[in-house]
Structure formats: C-alpha cells, structure tokens
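> My structure is stored as start-v9.pdb, with PDB, C-alpha atoms.
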ATOM      1  CA  MET O1398      11.942  17.388 -11.460
ATOM      2  CA  ASN O1399       8.544  15.745 -11.934
ATOM      3  CA  LYS O1400       7.765  12.104 -11.206
ATOM      4  CA  LEU O1401       7.519  10.978 -14.819
ATOM      5  CA  ALA O1402      10.980  12.411 -15.488
ATOM      6  CA  ILE O1403      12.365  10.542 -12.463
ATOM      7  CA  THR O1404      10.739   7.334 -13.668
ATOM      8  CA  SER O1405      12.206   7.770 -17.162
ATOM      9  CA  MET O1406      15.689   8.412 -15.792
ATOM     10  CA  LEU O1407      15.532   5.329 -13.593
ATOM     11  CA  ALA O1408      14.311   3.193 -16.472
ATOM     12  CA  MET O1409      17.084   4.392 -18.775
ATOM     13  CA  SER O1410      19.707   3.733 -16.094
ATOM     14  CA  GLY O1411      18.367   0.236 -15.474
ATOM     15  CA  LEU O1412      17.644   1.030 -11.801
ATOM     16  CA  ALA O1413      13.859   0.953 -12.045
ATOM     17  CA  ALA O1414      13.753  -2.830 -11.950
ATOM     18  CA  ALA O1415      16.350  -3.139  -9.178
ATOM     19  CA  GLN O1416      14.136  -3.206  -6.113
ATOM     20  CA  SER O1417      12.570  -5.807  -3.878
ATOM     21  CA  LEU O1418       9.255  -4.221  -2.910
ATOM     22  CA  GLU O1419       6.034  -3.464  -4.748
ATOM     23  CA  LEU O1420       3.362  -0.972  -3.701
ATOM     24  CA  GLU O1421      -0.161  -0.950  -5.119
ATOM     25  CA  TYR O1422      -3.011   1.347  -4.165
ATOM     26  CA  THR O1423      -6.655   2.071  -4.844
ATOM     27  CA  VAL O1424      -8.370   5.456  -4.753
ATOM     28  CA  THR O1425     -12.039   5.972  -3.912
ATOM     29  CA  ASP O1426     -13.829   9.327  -4.121
ATOM     30  CA  ILE O1427     -15.705   9.562  -0.808
ATOM     31  CA  GLY O1428     -17.036  13.084  -1.432
ATOM     32  CA  GLY O1429     -16.334  16.444   0.141
ATOM     33  CA  GLY O1430     -13.066  16.755  -1.751
ATOM     34  CA  GLN O1431     -11.681  13.673   0.015
ATOM     35  CA  PHE O1432     -10.253  10.487  -1.471
ATOM     36  CA  GLU O1433      -9.752   7.242   0.414
ATOM     37  CA  TYR O1434      -6.556   5.327  -0.311
ATOM     38  CA  GLU O1435      -5.887   1.673   0.380
ATOM     39  CA  PHE O1436      -2.288   0.493   0.094
ATOM     40  CA  PHE O1437      -0.885  -2.996  -0.497
ATOM     41  CA  LEU O1438       2.854  -3.461   0.154
ATOM     42  CA  THR O1439       4.452  -6.784  -0.854
ATOM     43  CA  PRO O1440       7.898  -8.224  -1.609
ATOM     44  CA  ASP O1441       8.487  -8.748  -5.323
ATOM     45  CA  ASP O1442       9.703 -11.885  -7.112
ATOM     46  CA  GLY O1443      13.235 -11.255  -5.878
ATOM     47  CA  TRP O1444      12.295 -11.847  -2.234
ATOM     48  CA  ALA O1445      14.424 -14.176  -0.091
ATOM     49  CA  ALA O1446      14.159 -15.104   3.572
ATOM     50  CA  GLY O1447      15.815 -12.580   5.868
ATOM     51  CA  MET O1448      15.287  -9.544   3.668
ATOM     52  CA  ALA O1449      14.170  -6.501   5.649
ATOM     53  CA  TRP O1450      13.391  -2.822   5.076
ATOM     54  CA  ARG O1451      12.801   0.207   7.270
ATOM     55  CA  TRP O1452      11.819   3.885   7.079
ATOM     56  CA  PHE O1453       9.061   3.354   4.520
ATOM     57  CA  ILE O1454       7.844   6.573   2.845
ATOM     58  CA  PHE O1455       4.885   6.796   0.466
ATOM     59  CA  GLY O1456       3.675   9.781  -1.539
ATOM     60  CA  ASP O1457       7.389  10.594  -1.633
ATOM     61  CA  GLU O1458       8.817  13.709  -3.289
ATOM     62  CA  PRO O1459      12.510  14.619  -3.801
ATOM     63  CA  ARG O1460      14.140  17.990  -3.217
ATOM     64  CA  ASP O1461      13.262  20.611  -5.799
ATOM     65  CA  ALA O1462      15.645  22.104  -8.385
ATOM     66  CA  ALA O1463      16.829  24.688  -5.855
ATOM     67  CA  GLY O1464      17.709  22.002  -3.336
ATOM     68  CA  GLU O1465      14.777  22.793  -1.065
ATOM     69  CA  PRO O1466      12.637  20.001   0.441
ATOM     70  CA  GLY O1467       9.812  19.027  -1.872
ATOM     71  CA  GLU O1468       6.134  18.829  -0.973
ATOM     72  CA  THR O1469       4.390  15.473  -0.999
ATOM     73  CA  PRO O1470       1.648  15.214  -3.634
ATOM     74  CA  LEU O1471      -0.383  13.171  -1.133
ATOM     75  CA  THR O1472      -1.750  16.374   0.378
ATOM     76  CA  ASP O1473      -3.424  16.454   3.792
ATOM     77  CA  PHE O1474      -2.928  12.707   4.234
ATOM     78  CA  VAL O1475      -4.548  11.260   7.363
ATOM     79  CA  GLY O1476      -3.697   7.639   8.119
ATOM     80  CA  ASP O1477      -6.483   5.330   9.266
ATOM     81  CA  LEU O1478      -5.665   4.333  12.850
ATOM     82  CA  SER O1479      -7.811   1.207  12.543
ATOM     83  CA  SER O1480      -5.243  -0.149  10.048
ATOM     84  CA  LEU O1481      -2.604  -0.273  12.769
ATOM     85  CA  PRO O1482      -0.395  -2.093  13.537
ATOM     86  CA  ILE O1483       1.091  -2.581  10.059
ATOM     87  CA  GLY O1484       3.829  -5.193  10.365
ATOM     88  CA  PRO O1485       6.298  -3.711  12.906
ATOM     89  CA  TRP O1486       4.856  -0.206  12.543
ATOM     90  CA  THR O1487       2.333   1.223  14.979
ATOM     91  CA  GLY O1488       1.860   4.768  13.720
ATOM     92  CA  TYR O1489       2.126   7.315  10.938
ATOM     93  CA  GLY O1490       4.619  10.138  10.617
ATOM     94  CA  THR O1491       6.097  12.569   8.122
ATOM     95  CA  THR O1492       9.556  12.627   6.547
ATOM     96  CA  GLY O1493      11.141  15.826   5.221
ATOM     97  CA  GLY O1494      14.428  16.727   3.534
ATOM     98  CA  SER O1495      15.808  14.577   0.721
ATOM     99  CA  HIS O1496      12.594  12.536   0.938
ATOM    100  CA  ASN O1497       9.248  14.162   1.648
ATOM    101  CA  GLY O1498       6.034  12.339   2.425
ATOM    102  CA  PRO O1499       4.050  10.319   4.962
ATOM    103  CA  ASN O1500       5.859   7.407   6.570
ATOM    104  CA  LEU O1501       5.091   4.371   8.692
ATOM    105  CA  ALA O1502       6.501   4.618  12.224
ATOM    106  CA  PRO O1503       8.662   3.932  14.177
ATOM    107  CA  VAL O1504      10.890   4.529  11.178
ATOM    108  CA  LEU O1505      13.882   2.497  12.407
ATOM    109  CA  ASP O1506      11.896  -0.714  12.953
ATOM    110  CA  TYR O1507      12.555  -3.309  10.249
ATOM    111  CA  TRP O1508       9.820  -5.149   8.354
ATOM    112  CA  THR O1509      11.041  -8.694   7.701
ATOM    113  CA  PRO O1510       8.377 -10.512   5.618
ATOM    114  CA  ALA O1511       7.870 -14.132   6.595
ATOM    115  CA  SER O1512       7.137 -15.101   2.987
ATOM    116  CA  ALA O1513       6.892 -13.698  -0.524
ATOM    117  CA  ASP O1514       3.101 -13.611  -0.090
ATOM    118  CA  GLU O1515       3.036 -11.416   3.013
ATOM    119  CA  THR O1516       1.154  -8.183   2.380
ATOM    120  CA  LEU O1517       0.886  -5.065   4.524
ATOM    121  CA  THR O1518      -2.355  -3.149   4.044
ATOM    122  CA  TRP O1519      -3.396   0.242   5.353
ATOM    123  CA  LYS O1520      -5.821   3.033   4.534
ATOM    124  CA  GLY O1521      -5.970   6.804   4.745
ATOM    125  CA  THR O1522      -7.520   9.893   3.207
ATOM    126  CA  SER O1523      -6.133  12.764   1.159
ATOM    127  CA  THR O1524      -7.418  15.722  -0.825
ATOM    128  CA  ALA O1525      -5.311  14.531  -3.810
ATOM    129  CA  ASP O1526      -6.347  11.990  -6.447
ATOM    130  CA  LEU O1527      -3.000  10.572  -7.587
ATOM    131  CA  GLY O1528      -3.003   8.772 -10.918
ATOM    132  CA  GLN O1529      -0.637   6.153 -12.279
ATOM    133  CA  GLY O1530       2.970   7.351 -12.080
ATOM    134  CA  GLU O1531       2.245  10.018  -9.468
ATOM    135  CA  MET O1532       2.742   7.928  -6.303
ATOM    136  CA  LEU O1533       6.405   7.346  -5.423
ATOM    137  CA  PHE O1534       7.716   5.357  -2.473
ATOM    138  CA  SER O1535      11.083   4.834  -0.829
ATOM    139  CA  THR O1536      12.862   3.030   1.972
ATOM    140  CA  ILE O1537      15.851   4.663   3.617
ATOM    141  CA  ALA O1538      18.263   4.057   6.528
ATOM    142  CA  GLY O1539      19.446   0.675   5.331
ATOM    143  CA  THR O1540      18.226  -2.836   4.519
ATOM    144  CA  LEU O1541      19.048  -6.365   5.680
ATOM    145  CA  GLY O1542      19.531  -9.763   4.059
ATOM    146  CA  GLY O1543      20.353  -8.507   0.568
ATOM    147  CA  ALA O1544      17.129  -6.504   0.231
ATOM    148  CA  VAL O1545      17.263  -3.662  -2.290
ATOM    149  CA  ALA O1546      16.033  -0.292  -1.045
ATOM    150  CA  ALA O1547      13.230   1.428  -2.919
ATOM    151  CA  ASP O1548      14.346   4.886  -4.059
ATOM    152  CA  PHE O1549      11.511   6.968  -5.495
ATOM    153  CA  ALA O1550      10.029   3.772  -6.933
ATOM    154  CA  VAL O1551       6.696   4.067  -8.735
ATOM    155  CA  ALA O1552       3.628   2.554  -7.091
ATOM    156  CA  THR O1553       0.905   0.944  -9.199
ATOM    157  CA  ARG O1554      -2.607   2.317  -9.050
ATOM    158  CA  ILE O1555      -5.176  -0.461  -9.261
ATOM    159  CA  GLU O1556      -7.790   0.927 -11.600
ATOM    160  CA  ASP O1557     -11.455   0.086 -11.260
ATOM    161  CA  ALA O1558     -10.690  -2.289  -8.422
ATOM    162  CA  CYS O1559     -13.614  -4.374  -7.253
ATOM    163  CA  LEU O1560     -12.272  -5.894  -4.062
ATOM    164  CA  PRO O1561     -15.292  -8.081  -3.195
ATOM    165  CA  ASP O1562     -15.069  -9.755  -6.643
ATOM    166  CA  VAL O1563     -12.782 -12.304  -5.023
ATOM    167  CA  ASP O1564     -13.122 -14.933  -7.741
ATOM    168  CA  GLY O1565     -12.291 -12.330 -10.409
ATOM    169  CA  ASP O1566     -15.125 -13.147 -12.808
ATOM    170  CA  GLY O1567     -16.333  -9.541 -13.075
ATOM    171  CA  GLU O1568     -19.555 -10.198 -11.164
ATOM    172  CA  LEU O1569     -20.602 -10.269  -7.522
ATOM    173  CA  THR O1570     -22.194 -13.635  -6.782
ATOM    174  CA  ILE O1571     -22.420 -16.331  -4.127
ATOM    175  CA  PHE O1572     -19.163 -17.693  -5.518
ATOM    176  CA  ASP O1573     -17.328 -14.622  -4.199
ATOM    177  CA  PHE O1574     -18.606 -15.476  -0.716
ATOM    178  CA  LEU O1575     -17.387 -19.044  -1.140
ATOM    179  CA  GLU O1576     -13.967 -17.936  -2.413
ATOM    180  CA  PHE O1577     -13.631 -15.460   0.450
ATOM    181  CA  GLN O1578     -14.477 -18.202   2.946
ATOM    182  CA  ASN O1579     -11.927 -20.541   1.347
ATOM    183  CA  LEU O1580      -9.216 -17.872   1.635
ATOM    184  CA  PHE O1581     -10.174 -17.159   5.236
ATOM    185  CA  ASP O1582     -10.174 -20.851   6.196
ATOM    186  CA  ALA O1583      -6.755 -21.265   4.569
ATOM    187  CA  GLY O1584      -5.343 -18.358   6.601
ATOM    188  CA  ASP O1585      -4.631 -16.390   3.409
ATOM    189  CA  LEU O1586      -4.253 -12.663   4.149
ATOM    190  CA  ALA O1587      -6.012 -11.940   0.865
ATOM    191  CA  ALA O1588      -9.081 -12.297   3.113
ATOM    192  CA  ASP O1589      -7.832  -9.517   5.432
ATOM    193  CA  PHE O1590     -10.457  -7.060   4.229
ATOM    194  CA  ASP O1591     -10.209  -4.709   7.217
ATOM    195  CA  GLY O1592      -6.427  -4.395   6.780
ATOM    196  CA  ASP O1593      -5.421  -5.111  10.371
ATOM    197  CA  GLY O1594      -3.034  -7.950   9.509
ATOM    198  CA  GLU O1595      -5.249 -10.585  11.134
ATOM    199  CA  LEU O1596      -8.211 -12.706  10.064
ATOM    200  CA  THR O1597     -11.216 -12.040  12.298
ATOM    201  CA  ILE O1598     -14.989 -11.660  12.157
ATOM    202  CA  PHE O1599     -14.402  -8.039  11.175
ATOM    203  CA  ASP O1600     -13.009  -9.206   7.828
ATOM    204  CA  PHE O1601     -16.334 -10.950   7.166
ATOM    205  CA  LEU O1602     -18.195  -7.755   8.050
ATOM    206  CA  GLU O1603     -15.978  -5.584   5.825
ATOM    207  CA  PHE O1604     -16.305  -8.022   2.926
ATOM    208  CA  GLN O1605     -20.089  -8.043   3.305
ATOM    209  CA  ASN O1606     -20.208  -4.229   3.443
ATOM    210  CA  LEU O1607     -18.184  -3.938   0.226
ATOM    211  CA  PHE O1608     -20.280  -6.630  -1.431
ATOM    212  CA  ASP O1609     -23.493  -4.798  -0.505
ATOM    213  CA  VAL O1610     -22.144  -1.500  -1.921
ATOM    214  CA  GLY O1611     -21.216  -3.282  -5.155
ATOM    215  CA  CYS O1612     -18.808  -2.181  -7.856
ATOM    216  CA  GLY O1613     -19.550   0.464 -10.427
TER     217      GLY O1613
END
Translate this structure into structure tokens?

Amino acid sequence: MNKLAITSMLAMSGLAAAQSLELEYTVTDIGGGQFEYEFFLTPDDGWAAGMAWRWFIFGDEPRDAAGEPGETPLTDFVGDLSSLPIGPWTGYGTTGGSHNGPNLAPVLDYWTPASADETLTWKGTSTADLGQGEMLFSTIAGTLGGAVAADFAVATRIEDACLPDVDGDGELTIFDFLEFQNLFDAGDLAADFDGDGELTIFDFLEFQNLFDVGCG
C-alpha cells in the first residue's frame, strides 16, 4: 500500500488528526546524487505537560501486501553526528518489521518536551528526494501523560525554505541579523541553527554561512 493511500485511509477514518507530534523537513540537493535533510520535530497544539514519546521512526514504511517488511523510501540515510544529542537520543538506528525506517536511539528513552515550543532538530543525507506526502513517521512502544502515538503520520515538507530569512520578509537584510540576535538573546531555540539543541557561537556561524549562501 502506498503512502498516499495510507494517508487517505487515515483521513477517512478520522485518525489523521489524532496525534500529538508534528514533523517538518527541508530537502537540499547537495550534488553527487545526495540530498541533505533537516528535520524539525515539535509537539502540536494538543500538547500538555508530561506528555512523552519514544521509539521515533522517520522515513517509515509499513509491511508490504505479502506481509513482508517494507523498505524505507529514505534510502541510504546517514544521520549527521554533529546534530547529536537530540533530546534524550544520542544516536541513529534502523527499525524493521511492522515499521521500517531510520530511528533515533536509544529507542526506549522517552522525549518529554518541556513546552509546546520545544523543537528537536537534526540533519542527514539520503539518495532519495522525498516530496510532500512521501515522508511518514511513527512512535511505537508506548507513550506517557496522555500523548497520542504517531502511526505512519505524514510529515510536512517545507518548500523553498529560506532559513536565514528570519524576519520572513522574503529578503536577506540586516534585519534578519537583528531578528536572529533577538531570538538568540531570548533563548529561543528558533536560533539553534546548527541543530545541537543549544545556543552557542556555532549558531551565529551557521546563520552567517547560510546568509552568505543566500536563497534561490
């Protein structure tokens, strides 16, 4: 069963909206048949204190029609070690069976967001360029605090993302530097441009590098 069919079935059953996590991602063609992915995992509007999830799988794929384990569409994925740690997770792994795809590890460690604004960010490369509707994600092995598990939920691809356009005016100007600095000074993880979960001088360097490259 393909991903669009799964999405349609979930929508018709009313289950598509019943989850407590959102996953967004960007895709950048870095040449040589490789694509760089950046992921942004957040609680959704239904978040409440104490909610927790574990065994997070992205690029997920269910069993095939014959009951055999499926193959993740996120082919040859290599997680960026510089992104680690990601919340409670310190590594990458692979899940196979009913769910098939890369995972964050250790799989039995719970992520318990401190607020609705907490975001986990990580990067990696793949030979696949997955469009909207082609990236599924799941959490398995239980939840805490009334959290709803993601079950082949559909991630959102952020099209034409221009990350250094922090003020969102469609241009790269001195005001983006000022907005970035304001976010950094406020301790807002929207300024965590290197994706390590902390705000350091390296976020300034990554922001400047992206600004210098510009947005097409």
> List as a PyMOL selection string the protein and nucleic acid residues near Phe1455 in chain O, meaning an atom at most 9 Å away when all atoms listed in the file are counted, but skip any in the same chain fewer than 2 places from it.
chain O and resi 1420+1453+1457-1458+1469+1471+1497-1501+1532-1536+1549+1552
> Which residue out of O:Trp1519, O:Tyr1422, O:Trp1452, O:Phe1590 has the minimum interatomic distance to Pro1482 in chain O when all atoms listed in the file are used?
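Checking each of O:Trp1519, O:Tyr1422, O:Trp1452, O:Phe1590 against Pro1482 in chain O, counting all atoms listed in the file, the winner is O:Trp1519.
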> Of the residues O:Thr1540, O:Thr1487, O:Ser1479, O:Thr1439, which is the one nearest to Lys1520 in chain O, using all atoms listed in the file?
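Of all the options, O:Ser1479 lies closest to Lys1520 in chain O.
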> Using only C-alpha atoms, can you list as JSON, numbers by chain the residues within 12 Å of (-12.6, -14.0, -6.3)?
{"O": [1559, 1560, 1561, 1562, 1563, 1564, 1565, 1566, 1567, 1568, 1569, 1570, 1571, 1572, 1573, 1574, 1575, 1576, 1577, 1578, 1579, 1580, 1587, 1588, 1604, 1608]}
> Kindly resolve the PyMOL selection byres ((chain O and resi 1448) around 10) on the present coordinates and return the residues as a ChimeraX atom specification.
/O:1417,1440,1443-1447,1449-1450,1507-1512,1540-1545
> Which neighbours of Leu1596 in chain O fall inside 9 Å, counting all atoms listed in the file, when residues of the same chain fewer than 6 positions from it are skipped, and could you give them as a list in words?
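Everything that qualifies: Phe1581, Gly1584, Asp1585, Leu1586, Ala1588, Asp1589 and Phe1590 of chain O.
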> Just to confirm, what's the straight-line distance from CA of Thr1491 in chain O to CA of Leu1418 in chain O in Å (one decimal)?
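The value is 20.3 Å.
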> Find, counting all atoms listed in the file, the residue in O:Gly1464, O:Pro1470, O:Pro1459, O:Pro1503 that gets nearest to Trp1486 in chain O.
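Looking only at the distances to Trp1486 in chain O, the closest residue turns out to be O:Pro1503.
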> What would range 1481-1507 of chain O look like with N, CA, C and O atoms in place, written as a PDB file, keeping the file's coordinate frame?

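The result, written out as rebuild26.pdb:
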ATOM      1  N   LEU O1481      -3.782   0.022  11.970  1.00  0.00           N
ATOM      2  CA  LEU O1481      -2.604  -0.273  12.769  1.00  0.00           C
ATOM      3  C   LEU O1481      -2.826  -1.475  13.688  1.00  0.00           C
ATOM      4  O   LEU O1481      -3.945  -1.714  14.124  1.00  0.00           O
ATOM      5  N   PRO O1482      -1.770  -2.245  14.031  1.00  0.00           N
ATOM      6  CA  PRO O1482      -0.395  -2.093  13.537  1.00  0.00           C
ATOM      7  C   PRO O1482      -0.240  -2.639  12.130  1.00  0.00           C
ATOM      8  O   PRO O1482      -1.025  -3.476  11.688  1.00  0.00           O
ATOM      9  N   ILE O1483       0.777  -2.150  11.420  1.00  0.00           N
ATOM     10  CA  ILE O1483       1.091  -2.581  10.059  1.00  0.00           C
ATOM     11  C   ILE O1483       2.477  -3.221  10.112  1.00  0.00           C
ATOM     12  O   ILE O1483       3.480  -2.516  10.149  1.00  0.00           O
ATOM     13  N   GLY O1484       2.550  -4.541  10.160  1.00  0.00           N
ATOM     14  CA  GLY O1484       3.829  -5.193  10.365  1.00  0.00           C
ATOM     15  C   GLY O1484       4.427  -4.714  11.682  1.00  0.00           C
ATOM     16  O   GLY O1484       3.761  -4.752  12.725  1.00  0.00           O
ATOM     17  N   PRO O1485       5.675  -4.188  11.665  1.00  0.00           N
ATOM     18  CA  PRO O1485       6.298  -3.711  12.906  1.00  0.00           C
ATOM     19  C   PRO O1485       5.881  -2.287  13.255  1.00  0.00           C
ATOM     20  O   PRO O1485       6.258  -1.775  14.316  1.00  0.00           O
ATOM     21  N   TRP O1486       5.135  -1.634  12.387  1.00  0.00           N
ATOM     22  CA  TRP O1486       4.856  -0.206  12.543  1.00  0.00           C
ATOM     23  C   TRP O1486       3.519   0.030  13.229  1.00  0.00           C
ATOM     24  O   TRP O1486       2.502  -0.597  12.915  1.00  0.00           O
ATOM     25  N   THR O1487       3.505   0.968  14.147  1.00  0.00           N
ATOM     26  CA  THR O1487       2.333   1.223  14.979  1.00  0.00           C
ATOM     27  C   THR O1487       1.780   2.635  14.824  1.00  0.00           C
ATOM     28  O   THR O1487       0.866   3.028  15.558  1.00  0.00           O
ATOM     29  N   GLY O1488       2.327   3.404  13.891  1.00  0.00           N
ATOM     30  CA  GLY O1488       1.860   4.768  13.720  1.00  0.00           C
ATOM     31  C   GLY O1488       2.230   5.338  12.370  1.00  0.00           C
ATOM     32  O   GLY O1488       2.874   4.678  11.542  1.00  0.00           O
ATOM     33  N   TYR O1489       1.807   6.571  12.156  1.00  0.00           N
ATOM     34  CA  TYR O1489       2.126   7.315  10.938  1.00  0.00           C
ATOM     35  C   TYR O1489       2.968   8.523  11.315  1.00  0.00           C
ATOM     36  O   TYR O1489       2.851   9.065  12.416  1.00  0.00           O
ATOM     37  N   GLY O1490       3.816   8.951  10.402  1.00  0.00           N
ATOM     38  CA  GLY O1490       4.619  10.138  10.617  1.00  0.00           C
ATOM     39  C   GLY O1490       4.856  10.853   9.306  1.00  0.00           C
ATOM     40  O   GLY O1490       4.233  10.530   8.285  1.00  0.00           O
ATOM     41  N   THR O1491       5.772  11.799   9.321  1.00  0.00           N
ATOM     42  CA  THR O1491       6.097  12.569   8.122  1.00  0.00           C
ATOM     43  C   THR O1491       7.607  12.714   8.012  1.00  0.00           C
ATOM     44  O   THR O1491       8.279  13.020   9.003  1.00  0.00           O
ATOM     45  N   THR O1492       8.127  12.476   6.824  1.00  0.00           N
ATOM     46  CA  THR O1492       9.556  12.627   6.547  1.00  0.00           C
ATOM     47  C   THR O1492       9.773  13.872   5.706  1.00  0.00           C
ATOM     48  O   THR O1492       8.998  14.148   4.787  1.00  0.00           O
ATOM     49  N   GLY O1493      10.820  14.635   5.998  1.00  0.00           N
ATOM     50  CA  GLY O1493      11.141  15.826   5.221  1.00  0.00           C
ATOM     51  C   GLY O1493      12.635  15.924   4.984  1.00  0.00           C
ATOM     52  O   GLY O1493      13.444  15.424   5.765  1.00  0.00           O
ATOM     53  N   GLY O1494      13.016  16.569   3.884  1.00  0.00           N
ATOM     54  CA  GLY O1494      14.428  16.727   3.534  1.00  0.00           C
ATOM     55  C   GLY O1494      14.684  16.207   2.146  1.00  0.00           C
ATOM     56  O   GLY O1494      14.098  16.678   1.171  1.00  0.00           O
ATOM     57  N   SER O1495      15.550  15.188   2.027  1.00  0.00           N
ATOM     58  CA  SER O1495      15.808  14.577   0.721  1.00  0.00           C
ATOM     59  C   SER O1495      14.601  13.772   0.254  1.00  0.00           C
ATOM     60  O   SER O1495      14.386  13.601  -0.948  1.00  0.00           O
ATOM     61  N   HIS O1496      13.844  13.238   1.219  1.00  0.00           N
ATOM     62  CA  HIS O1496      12.594  12.536   0.938  1.00  0.00           C
ATOM     63  C   HIS O1496      11.493  13.261   1.689  1.00  0.00           C
ATOM     64  O   HIS O1496      11.692  13.696   2.833  1.00  0.00           O
ATOM     65  N   ASN O1497      10.320  13.366   1.063  1.00  0.00           N
ATOM     66  CA  ASN O1497       9.248  14.162   1.648  1.00  0.00           C
ATOM     67  C   ASN O1497       7.909  13.475   1.439  1.00  0.00           C
ATOM     68  O   ASN O1497       7.429  13.351   0.308  1.00  0.00           O
ATOM     69  N   GLY O1498       7.326  13.003   2.531  1.00  0.00           N
ATOM     70  CA  GLY O1498       6.034  12.339   2.425  1.00  0.00           C
ATOM     71  C   GLY O1498       5.666  11.635   3.711  1.00  0.00           C
ATOM     72  O   GLY O1498       6.470  11.556   4.654  1.00  0.00           O
ATOM     73  N   PRO O1499       4.451  11.094   3.788  1.00  0.00           N
ATOM     74  CA  PRO O1499       4.050  10.319   4.962  1.00  0.00           C
ATOM     75  C   PRO O1499       4.922   9.072   5.101  1.00  0.00           C
ATOM     76  O   PRO O1499       5.402   8.529   4.104  1.00  0.00           O
ATOM     77  N   ASN O1500       5.112   8.641   6.339  1.00  0.00           N
ATOM     78  CA  ASN O1500       5.859   7.407   6.570  1.00  0.00           C
ATOM     79  C   ASN O1500       5.155   6.551   7.615  1.00  0.00           C
ATOM     80  O   ASN O1500       4.268   7.022   8.342  1.00  0.00           O
ATOM     81  N   LEU O1501       5.540   5.264   7.645  1.00  0.00           N
ATOM     82  CA  LEU O1501       5.091   4.371   8.692  1.00  0.00           C
ATOM     83  C   LEU O1501       6.106   4.432   9.826  1.00  0.00           C
ATOM     84  O   LEU O1501       7.309   4.518   9.584  1.00  0.00           O
ATOM     85  N   ALA O1502       5.627   4.397  11.066  1.00  0.00           N
ATOM     86  CA  ALA O1502       6.501   4.618  12.224  1.00  0.00           C
ATOM     87  C   ALA O1502       6.314   3.515  13.274  1.00  0.00           C
ATOM     88  O   ALA O1502       5.254   2.894  13.325  1.00  0.00           O
ATOM     89  N   PRO O1503       7.356   3.271  14.086  1.00  0.00           N
ATOM     90  CA  PRO O1503       8.662   3.932  14.177  1.00  0.00           C
ATOM     91  C   PRO O1503       9.532   3.634  12.951  1.00  0.00           C
ATOM     92  O   PRO O1503       9.591   2.492  12.496  1.00  0.00           O
ATOM     93  N   VAL O1504      10.218   4.648  12.468  1.00  0.00           N
ATOM     94  CA  VAL O1504      10.890   4.529  11.178  1.00  0.00           C
ATOM     95  C   VAL O1504      12.080   3.575  11.191  1.00  0.00           C
ATOM     96  O   VAL O1504      12.449   3.031  10.149  1.00  0.00           O
ATOM     97  N   LEU O1505      12.699   3.351  12.363  1.00  0.00           N
ATOM     98  CA  LEU O1505      13.882   2.497  12.407  1.00  0.00           C
ATOM     99  C   LEU O1505      13.563   1.031  12.680  1.00  0.00           C
ATOM    100  O   LEU O1505      14.473   0.202  12.763  1.00  0.00           O
ATOM    101  N   ASP O1506      12.282   0.689  12.799  1.00  0.00           N
ATOM    102  CA  ASP O1506      11.896  -0.714  12.953  1.00  0.00           C
ATOM    103  C   ASP O1506      11.877  -1.393  11.594  1.00  0.00           C
ATOM    104  O   ASP O1506      11.320  -0.859  10.622  1.00  0.00           O
ATOM    105  N   TYR O1507      12.476  -2.578  11.505  1.00  0.00           N
ATOM    106  CA  TYR O1507      12.555  -3.309  10.249  1.00  0.00           C
ATOM    107  C   TYR O1507      11.302  -4.154  10.020  1.00  0.00           C
ATOM    108  O   TYR O1507      10.800  -4.801  10.948  1.00  0.00           O
TER     109      TYR O1507
END
